[in-house]
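Notes follow the structure.
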Amino acid sequence: MNLEHDLNLSNEYYLNEGICLITKRPTPINIVKVDYTHGAKITNAYFEKQSTTDYNGLYKGRYMDFEAKSTKIKTSFPLANITPHQITHLKHVIEFGGIAFFIIEFATIGETYLLDASFVIEFYERGERKSIPYETFTKEGILITVGFSPRLAYIDAVEEKYFNEK
């Protein structure tokens with residue numbers, strides 16, 4: 001939840017500064033029973049359908065969609081943390097010209113990376129490994145700067161990856 005909290009703070013900062021509009025996509029739930037004895041407390045609910053990815057929005061007129069994941073493992077990121085429907089969704093985002101990526105936090109070592117979704121999808125579909133090695137993030141990913149405002153400067157990484165002319 002720390003990663004999600006940091007991203008939400010960053011998104012609020014980016015919106016307030018007029019940089020971009022990125023929102024957390026809610027998980028669709030169906031409420032079955034509510035206890036109204038002490039306010040309104042949901043006592044029974046279920047997920048209506050699988051959610052796609054965590055965040056989406058606009059930056060410089062481009063649609064962006066990304067999934068945020070955290071791991072306590074120091075040496076790799078388990079691909080089991082990614083669901084097939086998330087892969088399918090991000091493939092569609094790319095096919096329609098959107099920007100798609102993953103933000104992966106290595107919580108134990110305090111590093112967070114942006115990794116392009118195309119790269120993760122290819123790695124996932126090859127099926128040669130059950131995880132992406134940490135070294136892959138240091139070589140192929142972009143380290144996201146941690147600060148005060150924004151908490152996670154991931155738009156800097158987006159700018160470097162998708163908008164810098166080389």
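Every chain in the structure tokens takes a letter, A first, then B, and so on in the order presented; its residues are numbered from 1, and the ligands are numbered from 1 following the presented order.
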
Per DSSP on the backbone, what are the strand (DSSP E or B) residues of region 10-141 of chain A, as a PyMOL selection string? chain A and resi 20-24+29-35+41-47+55-59+62-71+76-78+99-106+111-116+131-133

Residues near Ala153 (chain A), anyone? I mean within 7 Å using only C-alpha atoms, not counting same-chain ones fewer than 5 positions away, as a count of residues only. 3

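With distances restricted to only C-alpha atoms, A:Ile155 is the closest residue to Leu21 (chain A) from A:Ala117, A:Ile132, A:Ile155, A:Leu79.
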
One decimal, in Å: what's the spacing between CA of Thr71 (chain A) and CA of Thr83 (chain A)? 15.2 Å

My list of candidates is A:Tyr162, A:Tyr14, A:Tyr63, A:Phe119. Which is closest to Phe102 (chain A) when distances are computed with only C-alpha atoms?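 Of A:Tyr162, A:Tyr14, A:Tyr63, A:Phe119, the one nearest Phe102 (chain A), counting only C-alpha atoms, is A:Phe119.
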
Excluding Val34 (chain A) and any residue of its chain fewer than 3 positions from it, enumerate the residues within 6 Å of it, using only C-alpha atoms, and give them as a list in words.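 Listing them by chain and then by number gives Lys41, Ile42 and Thr43 of chain A.
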
To test your reading of the structure, identify every residue in region 91-164 of chain A that backbone DSSP assigns to helix (DSSP H, G or I), and report it as an NGL selection string. :A and (91-95 or 117-126 or 134-140 or 154-163)

Neighbouring residues of region 92-94 of chain A were defined as those with any atom within 12 Å, considering only C-alpha atoms; residues of the same chain fewer than 2 positions away were excluded. Please report them as a ChimeraX atom specification. /A:52-53,56-57,62-66,85-90,96-101,116-119,121

Skip region 72-78 of chain A itself and residues of its chain fewer than 3 positions away, then list as a PyMOL selection string all residues within 6 Å of it, counting only C-alpha atoms. chain A and resi 81+106-108+131-134
